[in-house]
file model-v5.txt (compact mmCIF, C-alpha atoms)
# COMPACT_ATOMS: atom_id res chain seq x y z
CA MET A 1 0.00 0.00 0.00
CA THR A 2 2.90 2.34 -0.53
CA ASP A 3 1.57 3.55 -3.88
CA ALA A 4 -1.76 5.08 -2.85
CA GLY A 5 -2.40 6.62 -6.25
CA ILE A 6 -2.54 3.27 -8.06
CA SER A 7 -4.52 1.30 -5.49
CA ASN A 8 -8.27 1.03 -5.93
CA LYS A 9 -8.86 0.75 -2.21
CA ALA A 10 -9.74 3.68 -0.02
CA ASP A 11 -7.18 5.52 2.03
CA PRO A 12 -6.46 3.26 5.02
CA LEU A 13 -6.53 6.30 7.30
CA SER A 14 -10.17 7.02 6.46
CA LYS A 15 -11.50 3.59 7.37
CA PRO A 16 -11.29 3.71 11.18
CA GLN A 17 -13.06 7.10 11.20
CA SER A 18 -16.07 6.02 9.11
CA LYS A 19 -19.13 4.38 10.62
CA TYR A 20 -19.69 2.26 7.50
CA ASP A 21 -20.49 -1.38 8.17
CA TYR A 22 -18.02 -3.25 5.96
CA SER A 23 -19.43 -6.63 6.96
CA LYS A 24 -22.45 -5.99 4.69
CA GLY A 25 -20.33 -5.65 1.57
CA PRO A 26 -17.89 -3.34 -0.15
CA GLU A 27 -18.06 0.44 -0.15
CA PRO A 28 -20.99 1.99 -2.06
CA LEU A 29 -18.83 3.34 -4.88
CA GLU A 30 -15.82 2.04 -6.71
CA ILE A 31 -13.29 4.61 -7.89
CA ASN A 32 -10.87 3.76 -10.67
CA MET A 33 -7.79 5.63 -9.51
CA LYS A 34 -5.95 4.90 -12.77
CA TRP A 35 -8.52 6.85 -14.79
CA CYS A 36 -9.25 9.59 -12.22
CA LYS A 37 -7.65 12.94 -13.06
CA ALA A 38 -8.43 14.68 -9.75
CA CYS A 39 -10.78 17.27 -11.29
CA ASN A 40 -12.64 17.65 -7.97
CA ILE A 41 -16.11 17.54 -9.59
CA CYS A 42 -17.40 14.54 -7.58
CA ILE A 43 -16.06 15.96 -4.32
CA ALA A 44 -17.78 19.30 -4.95
CA LEU A 45 -21.08 18.05 -6.38
CA CYS A 46 -21.77 15.26 -3.85
CA PRO A 47 -24.75 16.48 -1.79
CA LYS A 48 -23.81 14.26 1.16
CA GLN A 49 -20.05 14.99 1.27
CA VAL A 50 -19.10 11.36 0.88
CA PHE A 51 -15.69 12.15 -0.62
CA GLU A 52 -12.56 13.76 0.70
CA PRO A 53 -9.53 14.50 -1.47
CA ASP A 54 -6.40 12.49 -0.78
CA ARG A 55 -2.90 13.94 -1.11
CA ASP A 56 -3.17 13.89 -4.94
CA GLY A 57 -6.62 15.50 -4.93
CA LYS A 58 -8.27 12.24 -5.93
CA PRO A 59 -11.46 11.28 -4.07
CA VAL A 60 -11.59 8.75 -1.28
CA GLN A 61 -14.80 7.70 0.42
CA ALA A 62 -14.39 9.28 3.82
CA ARG A 63 -18.10 9.02 4.75
CA PRO A 64 -19.43 6.03 2.77
CA GLU A 65 -22.35 5.61 5.21
CA ASN A 66 -23.81 8.90 3.88
CA CYS A 67 -24.06 7.69 0.28
CA THR A 68 -27.66 7.55 -0.98
CA GLN A 69 -26.82 6.26 -4.51
CA CYS A 70 -28.14 9.49 -6.02
CA THR A 71 -25.96 8.90 -9.15
CA ILE A 72 -24.67 12.52 -9.26
CA CYS A 73 -21.00 11.56 -8.92
CA TRP A 74 -20.84 8.93 -11.65
CA VAL A 75 -23.14 10.85 -13.98
CA HIS A 76 -20.81 13.86 -13.75
CA CYS A 77 -17.48 12.02 -13.75
CA PRO A 78 -15.79 13.03 -17.04
CA ASP A 79 -13.34 10.14 -16.88
CA LEU A 80 -15.83 7.32 -16.22
CA ALA A 81 -13.86 6.51 -13.09
CA ILE A 82 -16.74 6.09 -10.61
CA THR A 83 -19.09 3.12 -10.67
CA SER A 84 -21.61 2.09 -8.08
CA ASN A 85 -21.39 -1.21 -6.25
CA TYR A 86 -25.10 -1.23 -5.42
CA LYS A 87 -27.01 0.51 -8.21
CA MET B 1 -20.97 -15.06 -0.90
CA ALA B 2 -24.61 -14.18 -1.50
CA THR B 3 -23.93 -10.48 -0.96
CA ALA B 4 -21.06 -10.57 -3.42
CA THR B 5 -23.22 -11.96 -6.22
CA THR B 6 -26.06 -9.50 -5.65
CA SER B 7 -23.67 -6.57 -5.60
CA GLU B 8 -21.97 -7.90 -8.72
CA LYS B 9 -25.32 -8.16 -10.51
CA ALA B 10 -26.25 -4.68 -9.39
CA LYS B 11 -22.86 -3.36 -10.43
CA GLN B 12 -23.49 -4.25 -14.06
CA LYS B 13 -26.21 -1.59 -14.14
CA SER B 14 -23.85 1.27 -13.43
CA ASP B 15 -20.90 -0.39 -15.13
CA ILE B 16 -22.35 0.01 -18.62
CA PHE B 17 -19.47 2.32 -19.64
CA LEU B 18 -17.04 -0.56 -20.01
CA LYS B 19 -19.36 -2.31 -22.48
CA TYR B 20 -19.17 0.68 -24.83
CA LEU B 21 -15.48 1.55 -24.54
CA ARG B 22 -12.86 0.24 -26.89
CA PRO B 23 -10.48 -2.10 -25.09
CA ARG B 24 -6.85 -0.92 -25.02
CA LYS B 25 -7.67 2.42 -26.65
CA GLY B 26 -6.16 4.95 -24.39
CA MET B 27 -8.48 5.46 -21.45
CA PRO B 28 -7.90 7.71 -19.51
CA SER B 29 -8.86 10.13 -22.26
CA VAL B 30 -6.67 12.95 -23.58
CA TRP B 31 -9.12 15.56 -22.33
CA CYS B 32 -8.13 17.89 -19.52
CA ALA B 33 -9.15 17.03 -15.97
CA GLY B 34 -12.78 18.06 -15.55
CA CYS B 35 -13.52 18.55 -19.27
CA GLY B 36 -17.21 18.44 -20.09
CA ASN B 37 -16.63 16.24 -23.14
CA GLY B 38 -16.33 13.23 -20.85
CA ILE B 39 -19.68 14.05 -19.21
CA VAL B 40 -21.29 14.26 -22.66
CA MET B 41 -19.66 10.93 -23.55
CA THR B 42 -21.18 9.20 -20.52
CA ALA B 43 -24.56 10.76 -21.35
CA ILE B 44 -24.35 9.34 -24.89
CA ILE B 45 -23.40 5.90 -23.53
CA ARG B 46 -26.32 5.86 -21.10
CA ALA B 47 -28.77 7.13 -23.74
CA ILE B 48 -27.74 4.43 -26.21
CA ASP B 49 -27.83 1.77 -23.51
CA LYS B 50 -31.33 2.83 -22.51
CA LEU B 51 -32.50 2.65 -26.13
CA GLY B 52 -31.04 -0.85 -26.39
CA LEU B 53 -29.40 -0.26 -29.76
CA SER B 54 -26.81 -2.67 -31.07
CA LYS B 55 -23.26 -1.35 -31.23
CA ASP B 56 -22.97 -2.60 -34.82
CA ASN B 57 -25.90 -0.46 -35.98
CA ILE B 58 -24.44 2.83 -34.83
CA VAL B 59 -21.98 4.94 -36.80
CA MET B 60 -20.24 7.72 -34.96
CA VAL B 61 -18.77 10.39 -37.19
CA SER B 62 -16.59 13.26 -36.02
CA GLY B 63 -14.41 15.99 -37.43
CA ILE B 64 -11.44 17.62 -35.78
CA GLY B 65 -11.29 19.02 -32.29
CA CYS B 66 -11.34 18.02 -28.64
CA SER B 67 -14.90 16.73 -28.78
CA SER B 68 -14.22 14.90 -32.03
CA ARG B 69 -11.87 12.49 -30.28
CA MET B 70 -14.92 10.76 -28.79
CA PRO B 71 -15.29 8.00 -31.48
CA ILE B 72 -11.76 6.87 -30.64
CA TYR B 73 -12.91 5.80 -27.18
CA LEU B 74 -16.40 4.55 -28.02
CA ASP B 75 -16.74 1.11 -29.56
CA PHE B 76 -19.08 1.95 -32.45
CA ASN B 77 -18.41 2.05 -36.17
CA ALA B 78 -16.29 5.18 -36.28
CA LEU B 79 -15.36 7.71 -38.92
CA HIS B 80 -12.86 10.41 -37.99
CA THR B 81 -12.95 12.90 -40.83
CA THR B 82 -11.51 16.21 -41.93
CA HIS B 83 -12.11 19.50 -40.16
CA GLY B 84 -15.74 20.61 -40.39
CA ARG B 85 -16.74 17.86 -42.81
CA ALA B 86 -18.25 15.40 -40.34
CA LEU B 87 -21.80 16.14 -41.51
CA PRO B 88 -21.13 15.57 -45.25
CA PHE B 89 -19.43 12.24 -44.47
CA ALA B 90 -22.35 11.32 -42.20
CA THR B 91 -24.80 12.28 -44.96
CA GLY B 92 -22.99 9.88 -47.27
CA VAL B 93 -23.10 7.07 -44.71
CA LYS B 94 -26.78 7.60 -44.02
CA PHE B 95 -27.61 7.83 -47.71
CA ALA B 96 -25.81 4.57 -48.52
CA ARG B 97 -27.08 2.64 -45.48
CA PRO B 98 -30.36 4.16 -44.26
CA ASP B 99 -30.76 1.33 -41.72
CA LEU B 100 -27.84 2.59 -39.61
CA LYS B 101 -28.12 5.16 -36.83
CA VAL B 102 -25.66 7.95 -37.58
CA ILE B 103 -24.45 10.11 -34.72
CA VAL B 104 -22.21 13.09 -35.38
CA VAL B 105 -20.15 14.45 -32.51
CA THR B 106 -18.82 17.87 -33.29
CA GLY B 107 -17.54 20.98 -31.60
CA ASP B 108 -18.59 24.57 -32.02
CA GLY B 109 -15.60 25.54 -34.15
CA ASP B 110 -15.86 22.37 -36.20
CA ALA B 111 -19.59 22.64 -36.96
CA LEU B 112 -20.13 26.38 -37.11
CA ALA B 113 -16.91 27.97 -38.38
CA ILE B 114 -15.25 25.74 -40.95
CA GLY B 115 -18.27 23.48 -41.38
CA GLY B 116 -20.90 26.18 -41.10
CA ASN B 117 -22.21 25.70 -44.62
CA HIS B 118 -22.36 21.94 -44.24
CA PHE B 119 -24.23 22.39 -40.98
CA ILE B 120 -27.00 24.59 -42.36
CA HIS B 121 -27.41 22.40 -45.43
CA ALA B 122 -27.61 19.20 -43.37
CA CYS B 123 -30.35 20.95 -41.36
CA ARG B 124 -32.08 22.04 -44.57
CA ARG B 125 -32.13 18.49 -46.00
CA ASN B 126 -33.57 17.12 -42.74
CA ILE B 127 -31.68 13.86 -43.19
CA ASP B 128 -31.94 11.42 -40.28
CA ILE B 129 -28.71 12.26 -38.46
CA THR B 130 -28.25 13.04 -34.78
CA ALA B 131 -25.74 15.83 -34.31
CA ILE B 132 -24.38 16.41 -30.83
CA LEU B 133 -22.73 19.80 -30.82
CA ILE B 134 -20.49 20.33 -27.82
CA ASN B 135 -20.38 24.09 -27.36
CA ASN B 136 -17.52 25.28 -25.18
CA ASN B 137 -17.36 28.81 -26.68
CA ILE B 138 -13.73 28.49 -27.85
CA TYR B 139 -11.34 26.44 -29.97
CA GLY B 140 -9.92 24.20 -27.27
CA MET B 141 -7.53 21.91 -29.11
CA THR B 142 -5.63 24.50 -31.14
CA GLY B 143 -4.93 26.93 -28.32
CA GLY B 144 -7.93 29.00 -27.32
CA GLN B 145 -8.75 30.96 -30.47
CA GLY B 146 -12.10 32.71 -30.68
CA SER B 147 -14.83 30.61 -32.27
CA PRO B 148 -18.22 31.66 -33.74
CA THR B 149 -19.83 31.02 -30.36
CA THR B 150 -17.38 33.10 -28.29
CA PRO B 151 -19.70 35.71 -26.71
CA SER B 152 -19.24 39.43 -27.34
CA ALA B 153 -16.54 41.03 -25.16
CA ALA B 154 -15.24 37.61 -24.07
CA PHE B 155 -11.51 37.00 -24.16
CA SER B 156 -9.64 34.41 -26.18
CA THR B 157 -6.11 34.24 -27.53
CA THR B 158 -7.22 35.86 -30.82
CA THR B 159 -9.43 38.43 -29.07
CA PRO B 160 -7.11 39.62 -26.27
CA TYR B 161 -9.04 42.89 -25.78
CA GLY B 162 -12.49 41.33 -25.84
CA ASN B 163 -14.44 39.88 -28.76
CA ALA B 164 -15.89 42.64 -30.96
CA GLU B 165 -18.05 40.23 -32.94
CA LYS B 166 -21.47 38.88 -32.10
CA HIS B 167 -21.90 35.16 -31.58
CA PHE B 168 -23.97 32.43 -33.17
CA ASP B 169 -26.77 30.68 -31.33
CA PRO B 170 -26.35 27.14 -32.75
CA SER B 171 -29.82 25.96 -31.70
CA ALA B 172 -31.57 28.96 -33.23
CA LEU B 173 -29.46 28.57 -36.39
CA ALA B 174 -30.41 24.90 -36.72
CA ALA B 175 -34.10 25.55 -36.07
CA ALA B 176 -34.12 28.37 -38.63
CA SER B 177 -32.30 26.19 -41.18
CA GLY B 178 -34.91 23.46 -40.98
CA ALA B 179 -33.73 20.91 -38.42
CA SER B 180 -36.73 19.03 -37.09
CA TYR B 181 -35.51 18.46 -33.53
CA VAL B 182 -33.41 20.94 -31.55
CA ALA B 183 -32.58 20.65 -27.87
CA ARG B 184 -30.05 22.17 -25.54
CA SER B 185 -28.58 21.03 -22.28
CA THR B 186 -25.53 21.74 -20.17
CA VAL B 187 -23.01 19.37 -18.64
CA TYR B 188 -24.45 20.18 -15.20
CA HIS B 189 -27.81 18.80 -16.37
CA ALA B 190 -26.26 15.52 -17.48
CA THR B 191 -29.31 13.38 -16.73
CA ALA B 192 -31.54 15.73 -18.74
CA MET B 193 -28.95 15.62 -21.52
CA GLU B 194 -29.12 11.83 -21.56
CA LYS B 195 -32.90 12.03 -22.01
CA LEU B 196 -32.63 14.62 -24.80
CA ILE B 197 -29.94 12.61 -26.63
CA GLY B 198 -32.17 9.54 -26.41
CA GLU B 199 -35.09 11.51 -27.88
CA ALA B 200 -32.84 12.92 -30.59
CA ILE B 201 -31.59 9.48 -31.62
CA SER B 202 -35.14 8.11 -31.79
CA HIS B 203 -36.34 11.16 -33.74
CA ARG B 204 -36.69 10.68 -37.51
CA GLY B 205 -35.06 13.68 -39.18
CA PHE B 206 -32.12 15.95 -38.44
CA SER B 207 -31.80 16.38 -34.70
CA LEU B 208 -29.38 18.65 -32.92
CA VAL B 209 -28.49 18.46 -29.24
CA GLU B 210 -26.38 21.40 -28.17
CA ALA B 211 -24.37 20.40 -25.12
CA VAL B 212 -23.07 23.50 -23.40
CA SER B 213 -19.73 22.46 -21.97
CA ASN B 214 -16.85 23.96 -20.05
CA CYS B 215 -13.36 24.72 -21.35
CA HIS B 216 -11.73 25.85 -18.14
CA THR B 217 -8.25 25.44 -19.63
CA TYR B 218 -8.73 28.24 -22.17
CA TYR B 219 -12.13 29.91 -21.90
CA GLY B 220 -12.35 29.71 -18.14
CA ARG B 221 -8.77 30.82 -17.58
CA LEU B 222 -8.87 33.76 -20.01
CA ASN B 223 -12.28 34.93 -18.77
CA ARG B 224 -11.56 34.41 -15.05
CA GLN B 225 -14.26 31.79 -14.66
CA GLY B 226 -12.17 29.52 -12.53
CA ASP B 227 -11.86 25.79 -12.20
CA PRO B 228 -14.19 23.14 -13.71
CA VAL B 229 -16.33 22.97 -10.58
CA THR B 230 -17.02 26.73 -10.63
CA MET B 231 -17.80 26.64 -14.35
CA ILE B 232 -20.14 23.64 -14.05
CA ASN B 233 -21.92 25.23 -11.09
CA SER B 234 -22.25 28.48 -13.07
CA PHE B 235 -24.23 26.55 -15.72
CA LYS B 236 -26.69 25.65 -12.97
CA GLU B 237 -27.20 29.31 -12.08
CA LYS B 238 -27.29 30.55 -15.69
CA SER B 239 -29.66 27.98 -17.16
CA VAL B 240 -33.42 28.41 -17.44
CA GLN B 241 -35.89 25.70 -18.43
CA VAL B 242 -37.62 26.37 -21.74
CA THR B 243 -41.10 26.36 -20.16
CA LYS B 244 -40.04 29.06 -17.71
CA ALA B 245 -38.16 31.02 -20.38
CA LYS B 246 -41.36 31.49 -22.40
CA LYS B 247 -42.74 33.67 -19.61
CA MET B 248 -39.57 35.75 -19.28
CA SER B 249 -38.71 38.97 -21.13
CA PRO B 250 -35.67 39.21 -23.46
CA GLU B 251 -33.92 41.46 -20.92
CA GLU B 252 -34.27 38.83 -18.22
CA LEU B 253 -33.00 36.13 -20.56
CA LYS B 254 -29.79 38.01 -21.37
CA GLY B 255 -26.79 35.85 -20.49
CA LYS B 256 -29.02 32.89 -19.63
CA ILE B 257 -28.86 29.43 -21.19
CA VAL B 258 -32.31 28.16 -22.17
CA ILE B 259 -32.28 24.38 -21.75
CA GLY B 260 -34.71 21.68 -22.79
CA LYS B 261 -36.42 20.72 -26.02
CA LEU B 262 -36.46 23.97 -28.00
CA HIS B 263 -37.97 22.95 -31.32
CA GLU B 264 -39.66 19.90 -32.79
CA VAL B 265 -41.59 19.67 -36.04
CA ASP B 266 -42.93 16.68 -37.92
CA THR B 267 -41.76 16.98 -41.53
CA THR B 268 -40.64 14.66 -44.30
CA GLU B 269 -37.22 13.09 -44.02
CA PHE B 270 -34.68 13.16 -46.85
CA CYS B 271 -34.08 9.38 -47.20
CA ASP B 272 -37.84 8.69 -47.24
CA VAL B 273 -38.46 11.32 -49.92
CA TYR B 274 -35.58 10.01 -52.00
CA GLN B 275 -36.80 6.41 -51.70
CA SER B 276 -40.32 7.43 -52.73
CA THR B 277 -38.85 9.24 -55.74
CA VAL B 278 -36.95 6.08 -56.70
CA ASP B 279 -40.08 3.96 -56.30
CA ARG B 280 -42.15 6.39 -58.37
CA LEU B 281 -39.62 6.39 -61.21
CA ASP B 282 -39.30 2.56 -61.06
CA GLY B 283 -43.05 2.23 -61.42
CA ARG B 284 -43.11 4.49 -64.48
CA LYS B 285 -40.57 2.40 -66.36

call {"tool": "encode", "arguments": {"input": "model-v5.txt", "output": "structure tokens"}}
result
Amino acid sequence: MTDAGISNKADPLSKPQSKYDYSKGPEPLEINMKWCKACNICIALCPKQVFEPDRDGKPVQARPENCTQCTICWVHCPDLAITSNYK
Amino acid sequence: MATATTSEKAKQKSDIFLKYLRPRKGMPSVWCAGCGNGIVMTAIIRAIDKLGLSKDNIVMVSGIGCSSRMPIYLDFNALHTTHGRALPFATGVKFARPDLKVIVVTGDGDALAIGGNHFIHACRRNIDITAILINNNIYGMTGGQGSPTTPSAAFSTTTPYGNAEKHFDPSALAAASGASYVARSTVYHATAMEKLIGEAISHRGFSLVEAVSNCHTYYGRLNRQGDPVTMINSFKEKSVQVTKAKKMSPEELKGKIVIGKLHEVDTTEFCDVYQSTVDRLDGRK
């Protein structure tokens, strides 16, 4: 996990802080970090503030328990990097 | 195990992008971070997926420009043509194979400046082509030159003291030239854009969807409009639905983007008329 920019998993630091129940399944959204260009659109447009930028400005799911699957992030992602795990 | 399979099944619904992308063809795209072209591309993918069209029955034609790189990423029959001449090539494709769905992806400089004549004549013929015109008010690929849709007094690299010219309204131009379906949306209203693109593809006749997009790299930087997020949020503030715009005065509508289905008429389509002419002449022989 040294190369955080390549990994598809969330920032390990964010996991202990979130209240998300990982026993029920994976996180609500899957972010393709190889395609993400850190444009900040998903972080800014998310109405529930699910994302936080990591050190490269790419989104990590800091508050996955807030996600309502409203589709705004993956509809507005210009690089097709966000897909939903549940919708 | 059971949760994994249900989530995998559900994932296929939102994972439709991968079905329509060319494998090993350079994703991530060449577009700048936050470019609206990508949002239009996802809207096209979702619209086509919703219509349930086969990938083999779609031809995507483009000219030159940032937006015209879209057929390189999308796994349809593709035709990447010369600057401004996407619509004539598409007319040829549609004329030879009327069973195919022809989609033209073009930019504002491509369609209105160098291909302006082709654009108005494609509208006049009312041939069954769907044109998706991505309007970002500037020539993005070649370095930020002023295009026919650069607004008056806006800055570009060729208008460093403000644009003295007036600008084209592509939707009004298409409607006046005879296009039978004209709609406009912005990249902020991506879900509405998906719906309008779907309607445009199903429509028989020339249909234009003007997708107002952001070029923060040139237009936004030269006009102090900030980063992609600020530009996309400004479309939300500037846009007015067409039903509401009918009740507003021209002074109120100044600087606003009217979105929605602007124009739809039911007229004869070029391929149908041509086929009926052929049938008529065959019968006379």

call {"tool": "closest_residue", "arguments": {"input": "model-v5.txt", "among": "B:Tyr73, B:Tyr188, B:Phe235, B:Tyr218", "to": "chain A", "atoms": "all atoms listed in the file"}}
result
B:Tyr188

call {"tool": "interface_residues", "arguments": {"input": "model-v5.txt", "of": "chain A", "to": "chain B", "cutoff": "6 Å", "atoms": "all atoms listed in the file", "output": "PyMOL selection string"}}
result
chain A and resi 35+37+39+41+76+78-79+83-87

call {"tool": "closest_residue", "arguments": {"input": "model-v5.txt", "among": "A:Ala38, A:Ala81, A:Val75, A:Lys58", "to": "B:Met193", "atoms": "only C-alpha atoms"}}
result
A:Val75

call {"tool": "closest_residue", "arguments": {"input": "model-v5.txt", "among": "B:Ala153, B:Leu133, B:Ala164, B:Ala90", "to": "B:Val209", "atoms": "all atoms listed in the file"}}
result
B:Leu133

call {"tool": "residues_around", "arguments": {"input": "model-v5.txt", "residues": "B:Ser62", "least_positions_apart": "6", "cutoff": "12 Å", "atoms": "only C-alpha atoms", "output": "ChimeraX atom specification"}}
result
/B:68-72,74,77-90,102-107,110-111,115,130-134

call {"tool": "closest_residue", "arguments": {"input": "model-v5.txt", "among": "B:Ile259, B:Val212, B:Val182, B:Met141", "to": "B:Ile64", "atoms": "only C-alpha atoms"}}
result
B:Met141

call {"tool": "atom_distance", "arguments": {"input": "model-v5.txt", "atom1": "atom CA of B:Phe270", "atom2": "atom CA of B:Gly205"}}
result
7.7 Å

call {"tool": "atom_distance", "arguments": {"input": "model-v5.txt", "atom1": "atom CA of A:Ile82", "atom2": "atom CA of A:Ile31"}}
result
4.6 Å

call {"tool": "closest_residue", "arguments": {"input": "model-v5.txt", "among": "B:Cys271, B:Val61, B:Val258, B:Cys66", "to": "B:Glu237", "atoms": "only C-alpha atoms"}}
result
B:Val258

call {"tool": "residues_near_point", "arguments": {"input": "model-v5.txt", "point": "(-28.7, 9.9, -1.9)", "cutoff": "12 Å", "atoms": "all atoms listed in the file", "output": "ChimeraX atom specification"}}
result
/A:28,46-50,64-73,87

call {"tool": "atom_distance", "arguments": {"input": "model-v5.txt", "atom1": "atom CA of A:Met33", "atom2": "atom CA of B:Arg24"}}
result
16.9 Å

call {"tool": "axis_aligned_box", "arguments": {"input": "model-v5.txt", "around": "stretch 57-67 of chain A", "padding_each_side": "6 Å", "output": "AutoDock Vina command-line options"}}
result
--center_x -15.3 --center_y 10.6 --center_z -0.4 --size_x 29.4 --size_y 21.9 --size_z 23.1

call {"tool": "closest_residue", "arguments": {"input": "model-v5.txt", "among": "B:Asn117, B:Pro151, B:Ile201, B:Glu210", "to": "B:Lys254", "atoms": "all atoms listed in the file"}}
result
B:Pro151
